[in-house]
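Take a look at the structure below.
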Amino acid sequence: MDKLVIQGGRPLKGEVGISGAKNATLPLMAAALLTDEPLVLSNVPALADIRSMAGLVGHHGARVDTTGHGLALHAQNIADTTAPYDIVRKMRASILVLGPLLARAGHARVSLPGGCAIGNRPIDLHLKGLKALGAEIELAEGYVEARANGGLEGAVVPLPFASVGATENLMMAASLTRGTTVIENAAREPEISDLAACLAAMGAGISGAGTERIEIEGRDTLSGARHRVIADRIEAGSYAVAAAITGGDLILAGAEPETMRATIAALEEAGAETSELPAGLHVRGDSATRGVDITTQPYPGFPTDMQAQLMALMALSDSASVITETIFENRFMHVSELARMGADITVTGASATIRGVRALTGAAVMATDLRASMSLVLAGLAAEGETVIHRVYHLDRGYERLEEKLRGVGADIARAKE
Ligand code: EPZ
């Protein structure tokens with residue numbers, strides 16, 4: 001396993017290229033299973049999770065060709081409708097093949113994804129929605145098995161919670177289902193809109209993506225398409241915090257500010273200065289950091305995927321702040337590691353109270369999940385002395401060429417073998 005070694009205290013200055021969105025690419029790759037024609041994606045990030053998903057759709061029969069940041073997926077036939085445990089356990093987003101396999105092949109058997117560090121991550125809303133479309137669902141031996149014996153039928157599907165994954169699974173299944181499907185209380189994330197744009201290019205009739213009500217006219221068959229993945233708003237937000245926490249000045253090339261409003265608002269309230277560019281975002285962190293109270297919400301609220309990163313910044317603010325996590329039940333794993341670097345944070349239930357300190361000190365810390373790991377990198381960039389972050393495989397799941405991008409703007413960071 002690798003570790004990252006950071007010498008902190010250097011303001012970051014220059015331009016960082018923002019990659020395509022991991023959380024848009026993963027459902028788009030699953031959507032390739034809906035058609036027997038090629039789906040060609042561009043602006044695809046080079047990440048471990050993308051390679052895992054390529055392995056999974058390949059297992060189901062898709063031919064996958066990677067060229068740089070391009071990905072050509074061609075599922076001429078579905079060879080196998082079972083998503084096996086040894087693949088799914090590595091990446092819970094594998095559940096996104098359930099809807100496409102069911103709609104394309106009438107059957108899907110997917111290993112239950114199980115929980116992860118941030119929560120037990122149930123899939124009850126995915127299953128409830130597919131049942132509404134006529135699927136027969138049974139759980140056995142750690143797998144969920146779905147059958148569409150008489151074929152699926154469009155239906156109105158109210159979601160009790162605006163689940164991103166459930167919305168995506170349902171949109172994909174409904175696109176290859178006779179009739180009209182309406183998803184009520186749908187998730188509104190930009191990644192949902194990106195998937196809808198691709199499904200529409202493949203022939204589905206989709207309206208309302210980005211709102212809480214999405215209407216899908218399903219088709220008997222879908223065609224291939226060419227689609228460019230949106231920029232990663234969480235990667236961009238993470239580098240925006242890097243500018244703020246190091247007192248730096250960064251151009252985030254390729255960032256899409258219109259998908260980052262809540263993150264930008266929080267950073268401005270904390271004292272950073274931002275300005276939108278024709279193709280990106282400029283962030284300057286040369287003033288003192290003020291404490292900001294944040295509650296995570298489904299989009300367009302403050303994203304849970306930015307919570308740990310903001311907490312690192314708040315640890316160095318000139319006052320106190322309260323961060324409340326409403327989306328996942330265990331997403332404060334970074335708190336104890338930040339505390340080892342000198343942060344003053346108290347967790348009470350779903351809220352963390354952060355009292356800013358003058359400085360953090362470098363330490364050996366442990367990454368636990370993707371965004372918590374980034375929080376530790378950000379703290380290390382600002383801390384006095386050396387920070388060593390173990391288990392960086394978490395980071396490789398969601399941040400392309402992290403140390404290269406950071407070194408390119410002046411960070412003293414290196415990867416080493418454990
Ligand atoms: C997606 O996960 C993202 N992953 C997550 O990003 C992100 O944190 C999350 O959306 C919220 O924005 C991908 O897109 C691959 P949810 P997902 O279904 O789809 C509960 C990262 O760091 N729930 O909106 O799993 C669930 O337990 C990752 O890139 C049910 O109870 O999120 C959670 O508490 C982490 N039943 C909440 O809803 C269900 O059937 C949000 O889950 C589904 C979800």
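Going through the structure tokens in order, the chains are called A, B, and so on, while each chain numbers its residues from 1 and the ligands are numbered from 1 in the order shown.
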
Selection within 8 Å of ligand 1 by only C-alpha atoms and all ligand atoms, output as a count of residues only: 41

Neighbour list for segment 220-225 of chain A as a count of residues only, cut-off 12 Å, only C-alpha atoms, skip fewer than 4 positions in-chain: 45

Using only C-alpha atoms: which of A:Glu168, A:His394, A:Glu212, A:Glu217 has the shortest distance to Cys116 of chain A: A:His394

Close residues, Ala272 of chain A itself excluded, 7 Å, only C-alpha atoms, min 2 positions apart in chain, as a list in words: Ala244, Leu267, Glu268, Ala270, Thr274, Val283, Arg284, Gly285 and Ser287 of chain A

All residues 12 Å or closer to Ser351 of chain A, only C-alpha atoms, same chain fewer than 2 positions away omitted, as a list of chain:residue names: A:Asp293, A:Ile294, A:Thr295, A:Thr296, A:Gln307, A:Met311, A:Ser321, A:Val322, A:Ile323, A:Thr324, A:Glu325, A:Thr326, A:Ile327, A:Phe328, A:Glu329, A:Asn330, A:Arg331, A:Phe332, A:Val335, A:Ile345, A:Thr346, A:Val347, A:Thr348, A:Gly349, A:Thr353, A:Ile354

Selected residues written out with C-alpha atoms, as an mmCIF file, in the first residue's frame:
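Generated output (result22.cif):
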```cif
data_model
loop_
_atom_site.group_PDB
_atom_site.id
_atom_site.type_symbol
_atom_site.label_atom_id
_atom_site.label_comp_id
_atom_site.auth_asym_id
_atom_site.auth_seq_id
_atom_site.Cartn_x
_atom_site.Cartn_y
_atom_site.Cartn_z
ATOM 1 C CA ASP A 293 -22.253 26.810 10.105
ATOM 2 C CA ILE A 294 -23.220 24.168 7.520
ATOM 3 C CA THR A 295 -25.866 21.445 7.233
ATOM 4 C CA THR A 296 -25.449 18.902 4.431
ATOM 5 C CA GLN A 307 -18.405 18.068 4.437
ATOM 6 C CA MET A 311 -14.270 20.756 8.268
ATOM 7 C CA SER A 321 -18.567 26.551 13.496
ATOM 8 C CA VAL A 322 -21.124 23.752 13.561
ATOM 9 C CA ILE A 323 -21.289 21.173 10.762
ATOM 10 C CA THR A 324 -24.370 18.929 10.698
ATOM 11 C CA GLU A 325 -24.381 15.777 8.532
ATOM 12 C CA THR A 326 -27.905 14.766 7.539
ATOM 13 C CA ILE A 327 -27.238 12.370 4.628
ATOM 14 C CA PHE A 328 -25.047 9.607 6.081
ATOM 15 C CA GLU A 329 -25.116 8.223 9.594
ATOM 16 C CA ASN A 330 -21.372 7.853 10.125
ATOM 17 C CA ARG A 331 -19.523 10.460 8.134
ATOM 18 C CA PHE A 332 -17.308 11.967 10.843
ATOM 19 C CA VAL A 335 -12.721 14.042 13.101
ATOM 20 C CA ILE A 345 -13.696 19.291 17.308
ATOM 21 C CA THR A 346 -16.551 17.900 19.419
ATOM 22 C CA VAL A 347 -19.129 15.557 17.878
ATOM 23 C CA THR A 348 -22.634 15.426 19.365
ATOM 24 C CA GLY A 349 -24.923 13.133 17.367
ATOM 25 C CA THR A 353 -18.624 21.738 16.705
ATOM 26 C CA ILE A 354 -15.276 22.997 15.461
#
```

Strand (DSSP E or B) per DSSP on the backbone: members of segment 41-234 of chain A, as a ChimeraX atom specification: /A:41-42,63-67,70-74,82-83,107-111,116,119,136-140,143-147,153,156-158,178,180-184,205-207,209,211,213-217,225-228,231

Show me, as a compact mmCIF listing (two decimals) with N, CA and C atoms, in the first residue's frame, the residues that have an atom within 7 Å of Leu98 of chain A when counting only C-alpha atoms, minus same-chain residues fewer than 6 positions from it.
```txt
# COMPACT_ATOMS: atom_id res chain seq x y z
N ALA A 108 -31.63 -9.83 -13.45
CA ALA A 108 -30.37 -9.33 -12.88
C ALA A 108 -30.19 -9.96 -11.51
N VAL A 110 -27.58 -9.29 -8.48
CA VAL A 110 -26.47 -8.41 -8.07
C VAL A 110 -26.16 -8.65 -6.60
N ASN A 169 -30.84 4.43 -11.05
CA ASN A 169 -31.25 3.07 -11.45
C ASN A 169 -32.61 3.11 -12.13
```

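For the set A:Gly9, A:Pro278, A:Gly408, A:Gly291, the residue with the smallest atom-to-atom gap to Ala253 of chain A is A:Pro278, counting only C-alpha atoms.
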
All alpha helix (DSSP H) residues (DSSP, backbone) inside segment 254-390 of chain A, as a ChimeraX atom specification: /A:261-269,307-314,333-340,370-382

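For the set A:Met374, A:Ala416, A:Ile192, A:Ala383, the residue with the smallest atom-to-atom gap to Leu316 of chain A is A:Ala383, counting only C-alpha atoms.
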
Point-to-point distance from atom CA of Gly342 of chain A to atom CA of Glu235 of chain A, Å rounded to tenths: 25.3 Å

Spatial neighbours of Ala255 of chain A, max dist 12 Å, only C-alpha atoms, sep filter under 3 positions, as a PyMOL selection string: chain A and resi 15-21+230-240+250-252+258-261+264+275-283

Two-atom distance - atom CA of Glu145 of chain A, atom CA of Glu184 of chain A (Å):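 Taking atom CA of Glu145 of chain A as the start and atom CA of Glu184 of chain A as the end point, the length is 24.7 Å.
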
Pairwise distance for atom CA of Thr211 of chain A and atom CA of Val144 of chain A, rounded to one decimal in Å: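 Calculated distance between atom CA of Thr211 of chain A and atom CA of Val144 of chain A is 29.4 Å.
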
Nearest residue to Thr67 of chain A from the set A:Ala155, A:Ala46, A:Ala352, A:Val409 (distances using only C-alpha atoms):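 Counting only C-alpha atoms, the residue closest to Thr67 of chain A is A:Ala46.
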